[in-house]
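Peer 1: Supplied structure: start.txt, compact mmCIF, C-alpha atoms and all ligand atoms.
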# COMPACT_ATOMS: atom_id res chain seq x y z
CA MET A 21 8.16 12.60 29.99
CA SER A 22 7.40 16.14 28.85
CA GLU A 23 6.79 16.59 25.15
CA PHE A 24 9.29 18.40 22.98
CA PHE A 25 6.92 18.87 20.06
CA SER A 26 4.14 20.06 22.33
CA THR A 27 2.25 21.98 19.64
CA VAL A 28 1.73 18.82 17.59
CA SER A 29 -0.53 16.15 19.00
CA GLY A 30 -0.12 13.41 16.39
CA PRO A 31 -0.38 10.97 14.92
CA ILE A 32 -0.58 13.05 11.75
CA GLU A 33 -3.71 11.95 9.91
CA PHE A 34 -4.68 11.60 6.29
CA LYS A 35 -7.21 14.33 5.48
CA GLY A 36 -7.22 14.22 1.69
CA LEU A 37 -6.93 16.78 -1.07
CA ASP A 38 -9.75 19.01 0.09
CA SER A 39 -8.21 19.62 3.46
CA ASP A 40 -6.42 22.88 4.18
CA GLU A 41 -4.97 21.55 7.38
CA ALA A 42 -1.20 22.06 7.35
CA LEU A 43 -0.38 19.23 9.74
CA ALA A 44 -2.21 16.53 7.79
CA PHE A 45 -1.47 14.27 4.84
CA ARG A 46 -3.14 15.07 1.56
CA TRP A 47 -1.80 12.07 -0.38
CA TYR A 48 -0.23 9.65 2.08
CA ASP A 49 -3.02 7.38 3.25
CA SER A 50 -0.99 4.63 4.91
CA GLU A 51 -3.53 1.79 4.60
CA ARG A 52 -4.76 2.66 1.11
CA MET A 53 -4.19 -0.27 -1.22
CA VAL A 54 -2.14 0.41 -4.34
CA ALA A 55 -1.41 -2.46 -6.74
CA GLY A 56 -2.04 -5.08 -4.07
CA LYS A 57 -0.04 -3.48 -1.25
CA SER A 58 -0.72 -0.73 1.27
CA MET A 59 0.94 2.62 0.66
CA LYS A 60 2.81 2.12 3.89
CA ASP A 61 4.30 -1.16 2.63
CA HIS A 62 5.16 0.31 -0.76
CA LEU A 63 6.89 3.39 0.53
CA ARG A 64 8.50 2.16 3.76
CA PHE A 65 9.29 5.66 4.99
CA ALA A 66 12.17 6.30 7.36
CA VAL A 67 13.35 9.39 9.24
CA ALA A 68 17.09 10.08 9.22
CA TYR A 69 18.36 10.59 12.74
CA TRP A 70 21.34 12.73 11.70
CA HIS A 71 19.69 15.58 9.82
CA SER A 72 16.63 15.72 12.04
CA PHE A 73 18.17 15.37 15.50
CA ASN A 74 21.92 15.56 15.23
CA TRP A 75 22.32 18.71 13.20
CA ASP A 76 21.61 22.10 14.67
CA GLY A 77 21.64 24.08 11.44
CA PHE A 78 25.36 24.91 11.35
CA ASP A 79 26.98 25.47 7.97
CA ILE A 80 30.52 26.40 6.97
CA PHE A 81 29.66 30.08 7.42
CA GLY A 82 27.83 29.99 10.69
CA ARG A 83 26.76 28.35 13.90
CA GLY A 84 23.61 26.37 14.45
CA THR A 85 20.24 28.07 14.26
CA LEU A 86 17.88 25.26 15.25
CA ASP A 87 16.37 24.50 18.62
CA ARG A 88 18.25 21.30 19.52
CA PRO A 89 19.07 21.67 23.22
CA TRP A 90 20.57 18.16 23.53
CA LEU A 91 23.40 19.27 21.23
CA ASP A 92 24.51 22.06 23.56
CA PRO A 93 28.32 21.69 23.65
CA THR A 94 28.54 23.00 27.22
CA GLN A 95 26.48 20.16 28.66
CA SER A 96 28.56 17.81 30.81
CA ASP A 97 26.26 14.80 30.68
CA ALA A 98 26.78 13.45 27.16
CA LEU A 99 24.87 10.24 27.81
CA GLY A 100 21.97 12.18 29.29
CA GLY A 101 21.96 14.34 26.15
CA ALA A 102 21.87 11.26 23.92
CA LYS A 103 18.93 9.84 25.88
CA PHE A 104 17.08 13.15 25.73
CA LYS A 105 17.70 13.25 21.98
CA MET A 106 16.36 9.70 21.62
CA ASP A 107 13.21 10.49 23.62
CA VAL A 108 12.57 13.40 21.27
CA ALA A 109 13.35 11.33 18.17
CA PHE A 110 10.84 8.63 19.10
CA GLU A 111 8.26 11.24 20.04
CA PHE A 112 8.70 12.56 16.51
CA PHE A 113 8.53 9.14 14.79
CA GLU A 114 5.35 8.29 16.66
CA LYS A 115 3.62 11.61 16.05
CA LEU A 116 4.55 11.57 12.38
CA GLY A 117 3.38 7.95 12.09
CA VAL A 118 6.46 6.74 10.27
CA PRO A 119 7.35 3.04 10.32
CA PHE A 120 11.18 3.27 10.23
CA PHE A 121 14.22 5.30 11.19
CA CYS A 122 17.92 5.19 10.20
CA PHE A 123 21.03 6.15 12.16
CA HIS A 124 24.81 6.43 12.21
CA ASP A 125 26.51 5.08 15.34
CA VAL A 126 27.59 8.62 16.29
CA ASP A 127 24.05 10.00 15.89
CA ILE A 128 22.59 7.92 18.67
CA ALA A 129 25.53 7.57 21.05
CA PRO A 130 28.14 9.95 22.46
CA ILE A 131 31.73 9.45 21.33
CA GLY A 132 34.08 8.13 24.03
CA ALA A 133 37.76 8.87 24.62
CA THR A 134 38.76 5.45 23.23
CA PHE A 135 37.24 2.98 20.80
CA ARG A 136 36.30 0.74 23.72
CA GLU A 137 34.49 3.59 25.42
CA SER A 138 32.64 4.55 22.23
CA ALA A 139 31.63 0.93 21.70
CA ASP A 140 30.31 0.67 25.27
CA LEU A 141 28.36 3.91 24.90
CA LEU A 142 26.84 2.65 21.67
CA ASP A 143 25.75 -0.52 23.45
CA VAL A 144 24.03 1.52 26.15
CA MET A 145 22.16 3.55 23.55
CA VAL A 146 21.25 0.45 21.55
CA ASP A 147 19.53 -0.86 24.70
CA GLU A 148 17.67 2.45 24.95
CA ALA A 149 16.69 2.26 21.28
CA ALA A 150 15.48 -1.33 21.67
CA ALA A 151 13.18 -0.24 24.51
CA HIS A 152 11.80 2.67 22.49
CA MET A 153 11.27 0.40 19.49
CA ASP A 154 9.41 -2.15 21.61
CA ARG A 155 7.22 0.54 23.08
CA THR A 156 6.38 2.31 19.80
CA GLY A 157 6.65 -0.39 17.14
CA VAL A 158 8.96 1.83 15.09
CA LYS A 159 11.55 -0.27 13.23
CA LEU A 160 15.08 0.23 11.99
CA LEU A 161 15.42 0.49 8.20
CA TRP A 162 19.20 0.67 8.39
CA GLY A 163 22.17 1.48 10.53
CA THR A 164 25.55 2.73 9.42
CA ALA A 165 28.91 3.69 10.88
CA ASN A 166 30.17 7.22 10.46
CA LEU A 167 33.61 6.75 8.89
CA PHE A 168 34.06 10.33 7.76
CA SER A 169 33.58 12.90 10.56
CA ASP A 170 36.44 12.07 12.88
CA PRO A 171 39.82 13.59 11.91
CA ARG A 172 41.35 10.10 11.86
CA PHE A 173 39.47 9.57 8.61
CA GLN A 174 40.89 12.65 6.91
CA ALA A 175 42.53 10.46 4.24
CA GLY A 176 39.74 7.92 4.06
CA ALA A 177 38.70 4.87 6.08
CA ALA A 178 39.18 1.65 4.07
CA THR A 179 41.13 3.56 1.41
CA ASN A 180 43.46 5.22 3.92
CA PRO A 181 47.18 4.97 3.17
CA ASP A 182 47.61 3.76 6.77
CA PRO A 183 46.31 0.24 7.55
CA GLU A 184 45.85 1.28 11.19
CA VAL A 185 42.97 3.48 10.08
CA PHE A 186 41.54 0.61 8.01
CA ALA A 187 41.68 -1.55 11.12
CA TYR A 188 39.91 1.09 13.21
CA ALA A 189 37.19 1.47 10.59
CA ALA A 190 36.77 -2.31 10.44
CA GLY A 191 36.32 -2.39 14.21
CA GLN A 192 33.76 0.36 14.04
CA VAL A 193 31.75 -1.33 11.28
CA ALA A 194 31.86 -4.70 13.06
CA HIS A 195 30.41 -3.09 16.16
CA CYS A 196 27.81 -1.03 14.33
CA LEU A 197 26.74 -3.99 12.17
CA SER A 198 26.17 -6.00 15.34
CA ALA A 199 24.20 -3.11 16.84
CA THR A 200 22.08 -2.93 13.69
CA HIS A 201 21.56 -6.69 13.83
CA ARG A 202 20.50 -6.52 17.48
CA LEU A 203 17.92 -3.88 16.63
CA GLY A 204 16.50 -5.97 13.80
CA GLY A 205 17.80 -3.54 11.17
CA GLN A 206 16.56 -4.48 7.72
CA ASN A 207 19.67 -3.20 5.92
CA TYR A 208 23.14 -1.90 6.64
CA VAL A 209 24.53 1.05 4.65
CA LEU A 210 28.12 1.78 3.68
CA TRP A 211 28.57 5.32 2.46
CA GLY A 212 32.21 5.96 1.60
CA GLY A 213 32.30 9.55 2.80
CA ARG A 214 36.03 9.96 2.36
CA GLU A 215 36.76 6.94 0.17
CA GLY A 216 38.18 8.94 -2.70
CA TYR A 217 40.92 11.46 -3.21
CA GLU A 218 41.69 15.16 -3.09
CA THR A 219 44.62 14.95 -5.51
CA LEU A 220 46.08 12.16 -7.62
CA LEU A 221 49.54 13.57 -6.84
CA ASN A 222 49.58 11.67 -3.55
CA THR A 223 47.14 8.87 -4.36
CA ASP A 224 47.64 5.26 -5.43
CA MET A 225 44.23 4.53 -6.87
CA LYS A 226 44.86 0.87 -7.62
CA ARG A 227 45.87 0.16 -4.02
CA GLU A 228 42.99 2.14 -2.59
CA LEU A 229 40.44 0.27 -4.68
CA ASP A 230 41.95 -3.07 -3.64
CA GLN A 231 41.75 -1.98 -0.01
CA LEU A 232 38.11 -1.00 -0.45
CA GLY A 233 37.38 -4.32 -2.14
CA ARG A 234 38.96 -6.18 0.78
CA PHE A 235 37.02 -4.08 3.28
CA MET A 236 33.70 -4.83 1.62
CA THR A 237 34.54 -8.53 1.48
CA MET A 238 35.26 -8.48 5.21
CA VAL A 239 31.91 -6.79 5.86
CA VAL A 240 30.15 -9.49 3.83
CA GLU A 241 31.98 -12.25 5.70
CA HIS A 242 31.12 -10.67 9.03
CA LYS A 243 27.48 -10.28 8.10
CA HIS A 244 27.23 -14.01 7.45
CA GLU A 245 29.20 -14.85 10.54
CA ILE A 246 26.82 -13.01 12.86
CA GLY A 247 23.73 -14.13 10.94
CA PHE A 248 22.64 -10.66 9.83
CA GLU A 249 20.05 -11.20 7.12
CA GLY A 250 19.50 -7.62 5.98
CA MET A 251 20.95 -6.24 2.77
CA LEU A 252 24.33 -4.54 2.65
CA LEU A 253 24.07 -1.33 0.66
CA LEU A 254 26.71 0.89 -0.93
CA GLU A 255 25.59 4.49 -1.31
CA PRO A 256 26.95 6.09 -4.50
CA LYS A 257 28.05 9.71 -4.46
CA PRO A 258 30.36 11.38 -7.00
CA PHE A 259 32.14 13.92 -4.80
CA GLU A 260 31.76 15.98 -1.61
CA PRO A 261 33.52 15.85 0.69
CA THR A 262 36.32 14.53 -1.54
CA LYS A 263 37.05 15.76 -5.05
CA HIS A 264 36.39 12.28 -6.41
CA GLN A 265 34.67 9.37 -4.66
CA TYR A 266 35.19 5.80 -5.83
CA ASP A 267 31.49 4.97 -5.49
CA PHE A 268 30.77 7.73 -8.02
CA ASP A 269 27.42 6.46 -9.29
CA VAL A 270 25.51 3.20 -9.64
CA ALA A 271 27.50 2.20 -12.73
CA ALA A 272 30.81 2.75 -10.91
CA CYS A 273 29.51 0.76 -7.92
CA HIS A 274 28.42 -2.03 -10.22
CA ALA A 275 31.84 -2.21 -11.84
CA PHE A 276 33.49 -2.17 -8.41
CA LEU A 277 31.23 -4.92 -7.06
CA ALA A 278 31.78 -7.03 -10.19
CA LYS A 279 35.55 -6.61 -9.99
CA TYR A 280 35.68 -7.72 -6.35
CA ASP A 281 33.13 -10.49 -6.82
CA LEU A 282 30.53 -8.90 -4.56
CA ILE A 283 27.48 -8.89 -6.85
CA GLY A 284 24.61 -10.58 -5.05
CA GLU A 285 26.11 -9.67 -1.67
CA ILE A 286 26.03 -5.88 -1.85
CA HIS A 287 23.30 -3.70 -3.36
CA THR A 288 22.92 0.08 -3.53
CA ASN A 289 21.28 2.83 -1.54
CA ILE A 290 20.53 5.50 -4.14
CA GLU A 291 20.24 9.11 -3.01
CA VAL A 292 18.36 11.48 -5.29
CA ASN A 293 20.67 14.45 -4.73
CA HIS A 294 23.76 12.24 -5.28
CA ALA A 295 22.25 11.05 -8.55
CA THR A 296 21.85 14.59 -9.82
CA LEU A 297 25.34 15.57 -8.62
CA SER A 298 26.76 12.72 -10.69
CA GLY A 299 25.06 14.18 -13.76
CA HIS A 300 22.26 11.60 -13.83
CA ASP A 301 18.56 11.68 -13.18
CA PHE A 302 17.22 9.94 -10.09
CA ALA A 303 15.24 7.63 -12.39
CA HIS A 304 18.41 6.77 -14.30
CA GLU A 305 20.21 5.60 -11.17
CA VAL A 306 17.26 3.42 -10.16
CA ALA A 307 17.03 1.92 -13.66
CA ALA A 308 20.79 1.31 -13.69
CA ALA A 309 20.59 -0.47 -10.33
CA PHE A 310 17.78 -2.76 -11.46
CA ALA A 311 19.59 -3.43 -14.73
CA GLY A 312 22.67 -4.49 -12.77
CA GLY A 313 20.74 -6.46 -10.15
CA ILE A 314 21.94 -4.18 -7.33
CA PHE A 315 18.89 -2.14 -6.38
CA GLY A 316 18.36 -1.83 -2.63
CA SER A 317 16.99 1.33 -1.05
CA ILE A 318 16.50 5.07 -1.54
CA ASP A 319 17.60 8.20 0.25
CA ALA A 320 14.74 10.47 -0.76
CA ASN A 321 15.76 14.10 -1.01
CA ALA A 322 16.40 16.78 -3.61
CA GLY A 323 19.08 19.20 -4.68
CA ASP A 324 18.67 22.66 -6.11
CA ASP A 325 19.20 23.30 -9.81
CA ARG A 326 21.22 26.42 -9.10
CA LEU A 327 23.59 24.85 -6.59
CA GLY A 328 26.00 21.99 -7.25
CA TRP A 329 26.14 20.70 -3.71
CA ASP A 330 24.49 17.98 -1.64
CA LEU A 331 21.75 20.20 -0.26
CA ASP A 332 19.53 17.45 1.09
CA ARG A 333 16.27 19.31 0.65
CA PHE A 334 13.07 17.42 1.22
CA PRO A 335 11.60 16.06 -2.03
CA VAL A 336 9.24 18.57 -3.65
CA SER A 337 9.03 17.67 -7.32
CA VAL A 338 6.24 15.21 -8.02
CA GLU A 339 7.51 14.76 -11.56
CA GLN A 340 11.05 13.90 -10.52
CA MET A 341 9.83 11.49 -7.86
CA THR A 342 7.24 9.96 -10.19
CA LEU A 343 9.90 9.07 -12.73
CA GLY A 344 11.97 7.47 -9.96
CA MET A 345 9.01 5.65 -8.41
CA TYR A 346 8.06 4.43 -11.86
CA GLU A 347 11.43 2.71 -12.22
CA ILE A 348 11.18 1.32 -8.69
CA LEU A 349 7.75 -0.22 -9.37
CA ARG A 350 8.79 -1.40 -12.79
CA GLY A 351 11.72 -3.18 -11.17
CA GLY A 352 9.45 -4.88 -8.65
CA GLY A 353 9.50 -2.40 -5.75
CA PHE A 354 11.34 -2.56 -2.46
CA THR A 355 12.21 -5.77 -0.68
CA SER A 356 14.11 -4.79 2.47
CA GLY A 357 14.73 -1.21 1.31
CA GLY A 358 12.57 1.86 1.72
CA LEU A 359 12.45 5.62 1.38
CA ASN A 360 14.70 7.29 3.92
CA PHE A 361 14.44 11.05 4.19
CA ASP A 362 18.13 11.87 4.09
CA ALA A 363 16.93 15.46 4.08
CA LYS A 364 17.21 18.45 6.31
CA LEU A 365 15.43 21.66 7.11
CA ARG A 366 16.70 24.98 5.81
CA ARG A 367 18.67 26.94 8.38
CA GLN A 368 15.88 29.45 8.83
CA SER A 369 13.25 26.81 9.58
CA THR A 370 13.64 27.30 13.29
CA ALA A 371 10.19 26.42 14.64
CA ARG A 372 9.94 22.98 16.20
CA ASP A 373 7.01 21.96 14.03
CA ASP A 374 8.97 22.72 10.83
CA LEU A 375 10.30 19.19 11.04
CA PHE A 376 6.73 17.92 10.70
CA HIS A 377 5.92 20.16 7.76
CA ALA A 378 9.08 19.01 6.00
CA HIS A 379 8.35 15.32 6.41
CA ILE A 380 4.64 15.68 5.63
CA GLY A 381 5.54 17.41 2.36
CA GLY A 382 8.12 14.76 1.51
CA MET A 383 5.76 11.89 2.31
CA ASP A 384 2.92 13.44 0.33
CA THR A 385 5.20 14.05 -2.64
CA MET A 386 6.33 10.41 -2.62
CA ALA A 387 2.78 9.11 -2.10
CA HIS A 388 1.51 11.22 -5.00
CA ALA A 389 4.39 9.94 -7.13
CA LEU A 390 3.56 6.35 -6.16
CA LEU A 391 -0.05 6.77 -7.27
CA VAL A 392 0.94 8.32 -10.59
CA ALA A 393 3.57 5.67 -11.29
CA SER A 394 1.25 2.84 -10.33
CA ALA A 395 -1.60 4.18 -12.49
CA MET A 396 0.70 4.46 -15.50
CA ILE A 397 1.84 0.88 -14.98
CA ASP A 398 -1.74 -0.42 -14.54
CA ASP A 399 -2.83 1.25 -17.75
CA GLY A 400 0.28 0.30 -19.72
CA ALA A 401 0.50 4.03 -20.45
CA LEU A 402 4.22 3.83 -21.23
CA GLU A 403 4.85 0.10 -21.43
CA ASP A 404 2.70 -0.62 -24.48
CA LEU A 405 4.75 1.73 -26.57
CA ARG A 406 7.99 0.46 -25.10
CA ARG A 407 7.04 -3.14 -25.85
CA ASP A 408 6.18 -2.30 -29.46
CA ARG A 409 9.45 -0.46 -29.79
CA TYR A 410 11.43 -3.61 -29.04
CA ALA A 411 9.10 -6.07 -30.76
CA GLY A 412 11.75 -6.97 -33.31
CA TRP A 413 13.92 -8.43 -30.58
CA ASP A 414 11.20 -10.90 -29.64
CA ALA A 415 10.74 -11.88 -33.28
CA ASP A 416 12.85 -14.02 -35.54
CA LEU A 417 15.89 -11.87 -36.32
CA GLY A 418 16.26 -10.51 -32.78
CA GLN A 419 16.08 -13.98 -31.29
CA ARG A 420 18.60 -15.37 -33.74
CA ILE A 421 21.05 -12.55 -32.92
CA LEU A 422 20.64 -12.90 -29.16
CA GLY A 423 20.59 -16.67 -29.33
CA GLY A 424 23.99 -16.73 -31.01
CA THR A 425 22.92 -18.24 -34.34
CA GLU A 426 23.88 -15.12 -36.26
CA THR A 427 27.51 -13.97 -36.63
CA LEU A 428 29.02 -10.73 -37.78
CA GLN A 429 29.69 -12.41 -41.13
CA SER A 430 26.17 -13.81 -41.51
CA LEU A 431 24.73 -10.39 -40.76
CA HIS A 432 27.10 -8.87 -43.30
CA ASP A 433 25.83 -11.26 -45.95
CA ARG A 434 22.23 -10.66 -44.94
CA THR A 435 22.66 -6.90 -45.06
CA LEU A 436 23.93 -7.16 -48.65
CA GLU A 437 20.48 -8.43 -49.63
CA ALA A 438 18.17 -6.69 -47.13
CA PRO A 439 16.33 -3.38 -47.60
CA ASP A 440 17.34 -0.46 -45.37
CA PRO A 441 15.71 -0.55 -41.89
CA THR A 442 12.63 1.63 -41.49
CA ARG A 443 12.58 4.27 -38.73
CA GLU A 444 9.93 4.72 -36.03
CA SER A 445 9.19 7.78 -33.94
CA GLY A 446 10.56 7.69 -30.39
CA ARG A 447 7.49 9.68 -29.28
CA GLN A 448 9.28 11.43 -26.45
CA GLU A 449 7.08 14.51 -26.30
CA GLN A 450 3.92 12.44 -26.44
CA LEU A 451 5.19 10.31 -23.56
CA GLU A 452 6.10 13.38 -21.55
CA ASN A 453 2.57 14.62 -22.05
CA THR A 454 1.27 11.27 -20.86
CA VAL A 455 3.22 11.60 -17.61
CA ALA A 456 1.92 15.15 -17.13
CA ARG A 457 -1.65 13.96 -17.71
CA TYR A 458 -1.36 11.24 -15.09
CA ILE A 459 0.15 13.68 -12.59
CA ASP A 460 -2.82 15.98 -13.08
CA ARG A 461 -5.43 13.30 -13.06
CA VAL A 462 -4.55 10.81 -10.40
CA ARG A 463 -6.56 10.98 -7.17
C1 LIG B 1 25.92 11.96 2.71
C2 LIG B 1 25.21 10.71 2.74
C3 LIG B 1 25.00 10.13 4.14
C4 LIG B 1 24.64 8.67 4.04
C5 LIG B 1 24.82 7.90 5.30
O1 LIG B 1 25.92 12.67 1.71
O2 LIG B 1 24.00 10.86 2.09
O3 LIG B 1 24.02 10.85 4.81
O4 LIG B 1 23.34 8.50 3.61
O5 LIG B 1 26.12 7.95 5.76
NI NI B 2 22.43 9.48 2.06
NI NI B 3 23.86 12.87 0.80
Show me the file's structure as structure tokens.
Ligand code: XLS
Ligand code: NI
Ligand code: NI

Peer 2:
Amino acid sequence: MSEFFSTVSGPIEFKGLDSDEALAFRWYDSERMVAGKSMKDHLRFAVAYWHSFNWDGFDIFGRGTLDRPWLDPTQSDALGGAKFKMDVAFEFFEKLGVPFFCFHDVDIAPIGATFRESADLLDVMVDEAAAHMDRTGVKLLWGTANLFSDPRFQAGAATNPDPEVFAYAAGQVAHCLSATHRLGGQNYVLWGGREGYETLLNTDMKRELDQLGRFMTMVVEHKHEIGFEGMLLLEPKPFEPTKHQYDFDVAACHAFLAKYDLIGEIHTNIEVNHATLSGHDFAHEVAAAFAGGIFGSIDANAGDDRLGWDLDRFPVSVEQMTLGMYEILRGGGFTSGGLNFDAKLRRQSTARDDLFHAHIGGMDTMAHALLVASAMIDDGALEDLRRDRYAGWDADLGQRILGGTETLQSLHDRTLEAPDPTRESGRQEQLENTVARYIDRVR
């Protein structure tokens, strides 16, 4: 097979901080041990099939700019195009040296004229993928069904006013979940692209939420039925494409999962750019997921402070990623989840090797962040102060309140006698300086 990325030999190697080589890692040293685990096992990097191979650079103002010949709309052999695309994708995974990839059903297989045809085409491409995975050792972090691109989903999938569309979506997820299972996928993602509304004037929110709850329950039942052991993950996003999405943020997902009795069955796939669109920090969403017992996986990317849109840039801010990685490590790290680069090139990045530069930068940023976060945890750089801050809750009064021995009345009576509480500094600026110092210092 001729190489598509012929200017890159791969695998991309770790060359360290003193290297000026552009196609080399400066921070990501896959076998380096960090807090008892290799970097590779901590970070569990995945390449997203859609942005990297199924998007040619088009935006709402213009046609594609990128060199993606398999997407040529005039080609008659759709299956041949999908196979070509897959050859190129695996060439990329291998040369980059990344352990995982992620896909939507429609990224890897052509769409047929009927559901049956689409399902058959997906099966063909799953066989192809299985062979590539065997050959290369690259694994599947997660699969997902695209329930938002086809016009049939214009008014939602599970939340559609028409149960026929719900049924179609259910069929699609059943098939894609089985495909993911067959490929040994470690998770299955449910992003509710159009599960929301454009206007309340035509929307019955209560019904739509009940439909979505039923849909998720059916996915859980099916997962157990076919013996899929990976995690099911909801991916929160506040809006875009709809004006309002029901899986707005981690807190909204948690409330939804609690209401429909799905806690323990469904976790979350947190995307950095979705977090910021919802008005939260990335770190906040991770902390909220651990607090609610629904942390799963990460879509690592970044937005742009000037633009309120899901821009899916590659991660560039070590500080932002450090604060997120800190919460991930603090919560115990990934189990089946990982860091998926749900990120795309800029439209002008038209050279084939730009895809390597993008991922190398993203992987180095995350590896750097991991080292900083892990060093701060090892040294108790933030935790010592945090522990002291809550010490009262581990002592007598705190324990009596939490244990239920105190009542509102007993605390009233106590307060009549007690001196006013003293105040302690929150030390925010000092802590921010601590983070900055670790970012500078870590090697
Ligand atoms: C879109 C989402 C999507 C999901 C998978 O904004 O991030 O890419 O990750 O459907
Ligand atoms: Ni995503
Ligand atoms: Ni996104």

Peer 1: Between atom CA of Phe78 of chain A and atom CA of Phe168 of chain A, measure the distance and give it in Å to one decimal.

Peer 2: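 Computed distance, atom CA of Phe78 of chain A to atom CA of Phe168 of chain A, equals 17.4 Å.
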
Peer 1: Using 5 Å of padding on each side, determine the axis-aligned box around all atoms of segment 410-413 of chain A present in the file and give its centre and edge lengths in Å to one decimal, as lines of an AutoDock Vina configuration file.

Peer 2:
center_x = 11.5
center_y = -6.0
center_z = -31.2
size_x = 14.8
size_y = 14.8
size_z = 14.3

Peer 1: Atom CA of Arg202 of chain A and atom CA of Phe120 of chain A are how many Å apart?

Peer 2: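 Taking atom CA of Arg202 of chain A and atom CA of Phe120 of chain A, their separation equals 15.3 Å.
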
Peer 1: Let me have all residues with an atom within 9 Å of ligand NI 3 (chain B), counting all atoms listed in the file, laid out as a PyMOL selection string.

Peer 2: chain A and resi 255+257+260+291-294+319+321+330-332+362-363

Peer 1: Would you save the residues of that selection, restricted to C-alpha atoms, as a PDB file, in the frame of the given file?

Peer 2:
ATOM      1  CA  GLU A 255      25.590   4.490  -1.310  1.00  0.00           C
ATOM      2  CA  LYS A 257      28.050   9.710  -4.460  1.00  0.00           C
ATOM      3  CA  GLU A 260      31.760  15.980  -1.610  1.00  0.00           C
ATOM      4  CA  GLU A 291      20.240   9.110  -3.010  1.00  0.00           C
ATOM      5  CA  VAL A 292      18.360  11.480  -5.290  1.00  0.00           C
ATOM      6  CA  ASN A 293      20.670  14.450  -4.730  1.00  0.00           C
ATOM      7  CA  HIS A 294      23.760  12.240  -5.280  1.00  0.00           C
ATOM      8  CA  ASP A 319      17.600   8.200   0.250  1.00  0.00           C
ATOM      9  CA  ASN A 321      15.760  14.100  -1.010  1.00  0.00           C
ATOM     10  CA  ASP A 330      24.490  17.980  -1.640  1.00  0.00           C
ATOM     11  CA  LEU A 331      21.750  20.200  -0.260  1.00  0.00           C
ATOM     12  CA  ASP A 332      19.530  17.450   1.090  1.00  0.00           C
ATOM     13  CA  ASP A 362      18.130  11.870   4.090  1.00  0.00           C
ATOM     14  CA  ALA A 363      16.930  15.460   4.080  1.00  0.00           C
TER      15      ALA A 363
END

Peer 1: So the first atom is atom CA of Leu99 of chain A and the second is atom CA of Leu142 of chain A; what is the distance between them in Å, to one decimal place?

Peer 2: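 Distance between the two atoms: 10.0 Å.
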
Peer 1: Which residues are close to Val146 of chain A, i.e. within 12 Å by only C-alpha atoms, leaving aside same-chain residues fewer than 5 positions away? Reply as number ranges by chain.

Peer 2: A: 102-103, 106, 123-130, 139-141, 151-153, 160, 163, 195-205

Peer 1: Identify, on the basis of only C-alpha atoms, every residue whose closest approach to Trp90 of chain A does not exceed 9 Å; exclude the query and any residue fewer than 6 positions from it along the same chain; express the result as a PyMOL selection string.

Peer 2: chain A and resi 73-74+98+100-105

Peer 1: Identify which of the residues A:Asp267, A:Asp433, A:Asp414, A:Asp107 lies closest to ligand LIG 1 (chain B), counting all atoms listed in the file when measuring atom-to-atom distances.

Peer 2: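 Of all the options, A:Asp267 lies closest to ligand LIG 1 (chain B).
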
Peer 1: Near Phe268 of chain A, counting all atoms listed in the file, which residues have an atom at most 7 Å away, once you skip same-chain residues fewer than 4 positions from it, shown as a ChimeraX atom specification?

Peer 2: /A:256-258,272,298

Peer 1: Nearest to Ile246 of chain A: which of A:Ala194, A:Glu426, A:Glu285, A:Ala175 is it, counting all atoms listed in the file?

Peer 2: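 Closest candidate: A:Ala194.
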
Peer 1: Do you know which residues are at most 12 Å from segment 449-454 of chain A counting all atoms listed in the file, after dropping those on the same chain fewer than 5 positions away, and could you put them as a PyMOL selection string?

Peer 2: chain A and resi 339+342-343+392-393+395-397+399-406+459-462

Peer 1: Residues of the last selection are to be written out with C-alpha atoms, as a compact mmCIF listing (two decimals), in the frame of the given file.

Peer 2:
# COMPACT_ATOMS: atom_id res chain seq x y z
CA GLU A 339 7.51 14.76 -11.56
CA THR A 342 7.24 9.96 -10.19
CA LEU A 343 9.90 9.07 -12.73
CA VAL A 392 0.94 8.32 -10.59
CA ALA A 393 3.57 5.67 -11.29
CA ALA A 395 -1.60 4.18 -12.49
CA MET A 396 0.70 4.46 -15.50
CA ILE A 397 1.84 0.88 -14.98
CA ASP A 399 -2.83 1.25 -17.75
CA GLY A 400 0.28 0.30 -19.72
CA ALA A 401 0.50 4.03 -20.45
CA LEU A 402 4.22 3.83 -21.23
CA GLU A 403 4.85 0.10 -21.43
CA ASP A 404 2.70 -0.62 -24.48
CA LEU A 405 4.75 1.73 -26.57
CA ARG A 406 7.99 0.46 -25.10
CA ILE A 459 0.15 13.68 -12.59
CA ASP A 460 -2.82 15.98 -13.08
CA ARG A 461 -5.43 13.30 -13.06
CA VAL A 462 -4.55 10.81 -10.40

Peer 1: Check the smallest atom-to-atom distance from each of A:Gly299, A:Gly212, A:Gly381, A:Gly77 to ligand NI 2 (chain B) using only C-alpha atoms and all ligand atoms, then report the winner.

Peer 2: A:Gly212

Peer 1: I want to know what sits within 7 Å of segment 59-68 of chain A, based on only C-alpha atoms, with residues of the same chain fewer than 6 positions away left out; could you give that as a list in words?

Peer 2: Asp49, Ser50, Glu51, Arg52, Met53, Val118, Pro119, Phe120, Phe121, Cys122, Phe123, Leu161, Gly358, Leu359, Asn360, Phe361 and Asp362 of chain A

Peer 1: When distances are computed from only C-alpha atoms and all ligand atoms, which of A:Lys35, A:Lys243, A:Ile290, A:Asp79 shows the smallest separation from ligand NI 2 (chain B)?

Peer 2: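 Ranked by minimum distance to ligand NI 2 (chain B), first place goes to A:Ile290.
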